[in-house]
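Worksheet: the structure to be examined is printed underneath.
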Amino acid sequence: MGIMITDTTLRDAHQSLIATRMRTKDMLAIAEKLDKVGFFSLEVWGGATFDTCIRFLNEDPWERLRTLREKVSNTRLQMLLRGQNLVGYRHYADDVVREFIRLAVKNGVDVFRIFDALNDVRNMELAIKTAREHKAHVQGAICYTTGSVHTVERFAQMAEQLEQLGCDSICVKDMAGLISPAVTTELVTAIKERVSIPVDLHSHCSSGMAPVSYYAAAVAGADILDTAFSAFSGGTSQPPTESVVATLMNTPYDTGLDLELLHEIGEYFTDLRKKYQGLFATETTCPSVDVLLHQIPGGMLSNLVSQLREQNALDRLNDVLEEVPRVRADLGYPPLVTPTSQVVGIQAVLNVLAGERYKQVTQETKNYLLGYYGRPSGEVNEEVRESIMGDERPIGVRPADLIEPELDKLREEANKLGIIHKEEDVITYALYPQVATKFLRGEASEEAIRSSVEAAVADLPAKDLPMEFNVNVSGELFNVKIASAEGKPAEEMPTEVKRPTKLRKLPEGAVVAPMQGMMLAIKVKVGDRVNKGDVVATIEAMKMENEVRSPSSGVVKEILVCEGAMVKPRDIILLVEGSDG
Ligand code: MN
């Protein structure tokens, strides 16, 4: 039987290559043609697309789904769902999960690919059951990773378990492109022996092995392969749709798809790539066997690169890549996929930038160690756990069992804020209260401008830095002038100053932002007493909550930023007076 193809160009491909920045209008322009190909499905939604839409693009993700659905009437629309984490980074209450899935179906999702970052099936059960109740196709995904605790036998058992839960197909989700052709043969064969439902292989070209592994999968009896159009394929993205179709032509695995039509669509994406050219980083487009050592999935690598760039620390990328496997080992070898990839990645960044391992620990790392993400696959490093958590023991139950229903309360909150215009807005708010509030109030455009400018400036050689340029944000044109931190026009800056930088002497008792991000919460008021090491604020950076601690003891004299504000590294958050610490 021929192989079926899931095309990921509108979701995973741009998430892996250009930090999920493809805009809805660029998708709509080609949607009708994509619908004519005869793909098994088009992966168009979920994963990081939801977050990026409201955080950076000032676009409504529900609107994207609805308008795509209007143009795609023959092909299944597929989304990636992080089990109980939905499209966010924490576990949500069961009532939020049910409502999210109901609305996703209502707006056009046909196929739910559901996974859990720790392969903890308890975290997938409710999503599987709910999507089945809505008559959707449920694809149960197994996160593929390597390490002694991750055996073919264990993966095959999980596939069987997913079939028993009612999944319509199984996906081997190789998010980092680690799977070799030989292992593919072994794994696909083992799964096909255990289950009678179709098996999909999803891989990335990060290590360069994926196209060969796809052929091995086809020969071993896989039913579906995930690909992306050539201009958005390769590197940390999927193998090229056109090439995979050509590879299998005139074999028993022939996809039956029209190569000429694919070529025609391919030209559209080749043109489109030029528009996003500045966002493609060499680090994400060249295959490298490094990935076999650091195991970093595509989306995570392009995010690490852009996050280190924001922190002005891109030169530390190699140190971070070396630290990632050490943190992963400490945490019991979790597969690296959202949100564990963020937990491990950001902890690795902090371990490197702080100059001392686990000196700064994110709330997410603590939550992971407490079992709030689920059961780790292997043993956690006891010494690390104890140094961070002390005597606190992990929870034994499914994390969401500890979360009270939250939908009614959130609906009430959001209504009070006056941000609900349609029923989907409650879910947007439930997923990302801070970012959604700004977005739903229409206040996100400043951030959208900023990210567009930063993306444009970041990739220009310093000497070619324009003094002024126009930025298009969702069809609106903005004129932006580059100025130094002191507000002088850039032409007055000495030539050796390559970027606007802020260097100033810090007053005593200053608590500064350790990184760029959004002030999530200020935990103290003026007049409060704080001790050295107390958490005084939290910053949301790199999609995670990071604690800011006071470097000295004393009394809070002044608070200089407000919650919700964007801060840069070394920005002063507050001043602490008195130096008994
Ligand atoms: Mn992927």
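Letters A, B, ... mark the chains of the structure tokens in the order given; residue numbers begin at 1 per chain; ligand numbers begin at 1, in order shown.
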
| Would you name the residues within 7 Å of ligand 1, counting only C-alpha atoms and all ligand atoms, and put them as a ChimeraX atom specification? | /A:12,173-175,202-204

Between range 96-207 of chain A and range 326-335 of chain A, at 12 Å or less, what are the per-residue closest atom pairs and their distances in Å? Count only C-alpha atoms, order by chain and rising residue number, and return it as CSV.
residue,atom,partner,partner_atom,distance
A:Phe115,CA,A:Pro335,CA,11.3
A:Asp116,CA,A:Pro335,CA,9.5
A:Ala117,CA,A:Pro335,CA,6.4
A:Leu118,CA,A:Pro334,CA,5.9
A:Asn119,CA,A:Pro335,CA,8.1
A:Asp120,CA,A:Pro334,CA,10.6
A:Ile142,CA,A:Pro335,CA,10.0
A:Cys143,CA,A:Pro335,CA,6.5
A:Tyr144,CA,A:Pro335,CA,7.0
A:Thr145,CA,A:Pro335,CA,5.5
A:Thr146,CA,A:Pro335,CA,8.0
A:Gly147,CA,A:Tyr333,CA,7.1
A:Ser148,CA,A:Tyr333,CA,9.1
A:Val149,CA,A:Tyr333,CA,7.9
A:His150,CA,A:Tyr333,CA,8.9
A:Lys173,CA,A:Pro335,CA,10.4
A:Asp174,CA,A:Pro335,CA,9.6
A:Met175,CA,A:Pro335,CA,9.0
A:Ala176,CA,A:Pro335,CA,9.3
A:Leu178,CA,A:Pro335,CA,11.1

Pull N, CA and C atoms from the residues just selected and write them as a tab-separated table (two decimals), in the first residue's frame.
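Output contents, as saved in part27.tsv:
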chain	number	residue	atom	x	y	z
A	115	PHE	N	0.58	14.28	22.42
A	115	PHE	CA	1.76	13.69	23.06
A	115	PHE	C	1.92	14.21	24.48
A	116	ASP	N	2.78	13.53	25.23
A	116	ASP	CA	3.20	14.08	26.51
A	116	ASP	C	4.73	14.08	26.51
A	117	ALA	N	5.28	15.17	27.00
A	117	ALA	CA	6.73	15.35	26.93
A	117	ALA	C	7.49	14.27	27.68
A	118	LEU	N	6.87	13.66	28.67
A	118	LEU	CA	7.56	12.61	29.43
A	118	LEU	C	7.05	11.22	29.03
A	119	ASN	N	6.26	11.15	27.94
A	119	ASN	CA	5.61	9.89	27.55
A	119	ASN	C	4.82	9.30	28.71
A	120	ASP	N	4.29	10.18	29.56
A	120	ASP	CA	3.47	9.73	30.69
A	120	ASP	C	2.02	9.72	30.19
A	142	ILE	N	4.32	9.06	20.34
A	142	ILE	CA	5.36	8.60	21.24
A	142	ILE	C	6.57	9.47	21.00
A	143	CYS	N	7.04	10.16	22.03
A	143	CYS	CA	8.23	11.00	21.86
A	143	CYS	C	9.45	10.09	21.81
A	144	TYR	N	10.14	10.13	20.66
A	144	TYR	CA	11.31	9.28	20.51
A	144	TYR	C	12.53	9.99	21.08
A	145	THR	N	13.29	9.26	21.84
A	145	THR	CA	14.56	9.80	22.31
A	145	THR	C	15.50	8.63	22.59
A	146	THR	N	16.76	8.93	22.88
A	146	THR	CA	17.71	7.85	23.12
A	146	THR	C	18.15	7.86	24.58
A	147	GLY	N	18.91	6.86	24.96
A	147	GLY	CA	19.33	6.72	26.36
A	147	GLY	C	18.89	5.35	26.84
A	148	SER	N	19.62	4.82	27.79
A	148	SER	CA	19.42	3.42	28.19
A	148	SER	C	18.00	3.13	28.68
A	149	VAL	N	17.31	4.15	29.22
A	149	VAL	CA	15.96	3.88	29.72
A	149	VAL	C	14.92	3.83	28.59
A	150	HIS	N	15.32	4.27	27.39
A	150	HIS	CA	14.35	4.34	26.28
A	150	HIS	C	14.60	3.20	25.30
A	173	LYS	N	7.21	10.27	17.13
A	173	LYS	CA	7.53	11.69	17.05
A	173	LYS	C	9.00	11.89	17.41
A	174	ASP	N	9.81	11.97	16.36
A	174	ASP	CA	11.25	12.14	16.56
A	174	ASP	C	11.57	13.62	16.42
A	175	MET	N	11.28	14.38	17.48
A	175	MET	CA	11.30	15.84	17.38
A	175	MET	C	12.71	16.40	17.21
A	176	ALA	N	13.74	15.61	17.51
A	176	ALA	CA	15.09	16.14	17.37
A	176	ALA	C	15.83	15.55	16.18
A	178	LEU	N	16.69	12.32	15.69
A	178	LEU	CA	17.71	11.42	16.23
A	178	LEU	C	17.65	10.02	15.65

| message | Between CA of Glu133 in chain A and CA of Leu68 in chain A, what is the distance in Å, rounded to a tenth? | response | 23.4 Å

| Shell of 10 Å around Arg11 in chain A, only C-alpha atoms, local chain residues under 5 positions omitted, as a list in words |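 With the cut-off at 10 Å, the set is Ser16, Thr20, Arg21, Met22, Leu42, Glu43, Val44, Trp45, Gly46, Gly47, Ala48, Thr49, Gln78, Met79, Leu80 and Ala228 of chain A.
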
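The two atoms in question, CA of Leu370 in chain A and CA of Ile395 in chain A, are spaced 6.1 Å apart.
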
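Shell of Gly418 in chain A at 12 Å, with only C-alpha atoms counted and residues fewer than 6 places along the chain excluded, is A:Arg411, A:Glu412, A:Asp425, A:Val426, A:Tyr429, A:Thr437, A:Lys438, A:Leu440, A:Arg441, A:Gly442.
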
| query | When you draw a straight line from CA of Pro239 in chain A to CA of Asp226 in chain A, how long is it in Å? | reply |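 These two atoms are separated by 7.7 Å.
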
Closest-contact table, range 387-420 of chain A side, partner range 351-363 of chain A, 12 Å, counting only C-alpha atoms, as CSV:
residue,atom,partner,partner_atom,distance
A:Ser387,CA,A:Tyr358,CA,8.6
A:Ile388,CA,A:Tyr358,CA,7.7
A:Met389,CA,A:Val361,CA,10.5

| said: I'd like the contact shell of Phe112 in chain A - 9 Å cut-off, only C-alpha atoms, skipping same-chain residues fewer than 5 positions apart - returned as a VMD selection string. | reply: chain A and resid 77 to 81 101 127 to 128 131 136 to 140

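Excluding Leu506 in chain A and any residue on its chain fewer than 5 positions from it, the residues at most 12 Å away by only C-alpha atoms are Val511, Val512, Ala513, Arg570, Asp571, Ile572, Ile573, Leu574 and Leu575 of chain A.
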
Dump of N, CA and C atoms for the selected residues, as a short mmCIF file (atom, residue, chain, number, x, y, z; two decimals), in the first residue's frame:
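Result file follows (selection_30.cif):
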data_model
loop_
_atom_site.label_atom_id
_atom_site.label_comp_id
_atom_site.auth_asym_id
_atom_site.auth_seq_id
_atom_site.Cartn_x
_atom_site.Cartn_y
_atom_site.Cartn_z
N VAL A 511 18.44 45.88 42.49
CA VAL A 511 18.08 44.54 42.04
C VAL A 511 17.82 44.67 40.54
N VAL A 512 18.62 43.97 39.73
CA VAL A 512 18.51 44.17 38.29
C VAL A 512 17.93 42.93 37.61
N ALA A 513 17.40 43.16 36.43
CA ALA A 513 16.88 42.06 35.64
C ALA A 513 18.06 41.23 35.12
N ARG A 570 20.16 43.96 33.11
CA ARG A 570 20.73 45.07 33.88
C ARG A 570 19.76 46.23 34.09
N ASP A 571 18.53 46.14 33.62
CA ASP A 571 17.54 47.16 33.98
C ASP A 571 17.27 47.04 35.48
N ILE A 572 17.17 48.18 36.17
CA ILE A 572 16.94 48.13 37.62
C ILE A 572 15.46 47.90 37.89
N ILE A 573 15.18 46.87 38.67
CA ILE A 573 13.79 46.57 39.02
C ILE A 573 13.40 47.33 40.28
N LEU A 574 14.24 47.23 41.30
CA LEU A 574 13.96 47.95 42.53
C LEU A 574 15.24 48.22 43.31
N LEU A 575 15.13 49.10 44.29
CA LEU A 575 16.28 49.44 45.11
C LEU A 575 16.05 49.00 46.54
#

| Hey, what does DSSP flag as helix (DSSP H, G or I) within range 83-189 of chain A? Can you give it to me as number ranges by chain? | A: 83-85, 94-107, 121-123, 125-133, 152-164, 181-189

| field | Selected residue, from A:Thr251, A:Asn415, A:Gln238, A:Asn531, that lies nearest to Leu17 in chain A when counting only C-alpha atoms | value |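 Among the listed residues, A:Gln238 lies closest to Leu17 in chain A.
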
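Comparing A:Met209, A:Arg154, A:Ser196, A:Met124 by their smallest distance to Pro181 in chain A, the closest is A:Met209 (using only C-alpha atoms).
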
| field | Shell of 12 Å around Gln342 in chain A, only C-alpha atoms, local chain residues under 4 positions omitted, as an MDAnalysis selection string | value | chainID A and resid 48 88:90 117 296:297 299:301 303:304 307 324 327:328 334:338 346:350 362:365 368 541:545

| Nearest-residue call for Glu382 in chain A, choices A:Leu369, A:Arg316, A:Lys192, A:Pro405, using only C-alpha atoms | A:Leu369

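Distances here use only C-alpha atoms; by that measure, the residue among A:Glu406, A:Glu242, A:Glu125, A:Asp528 closest to Val37 in chain A is A:Glu242.
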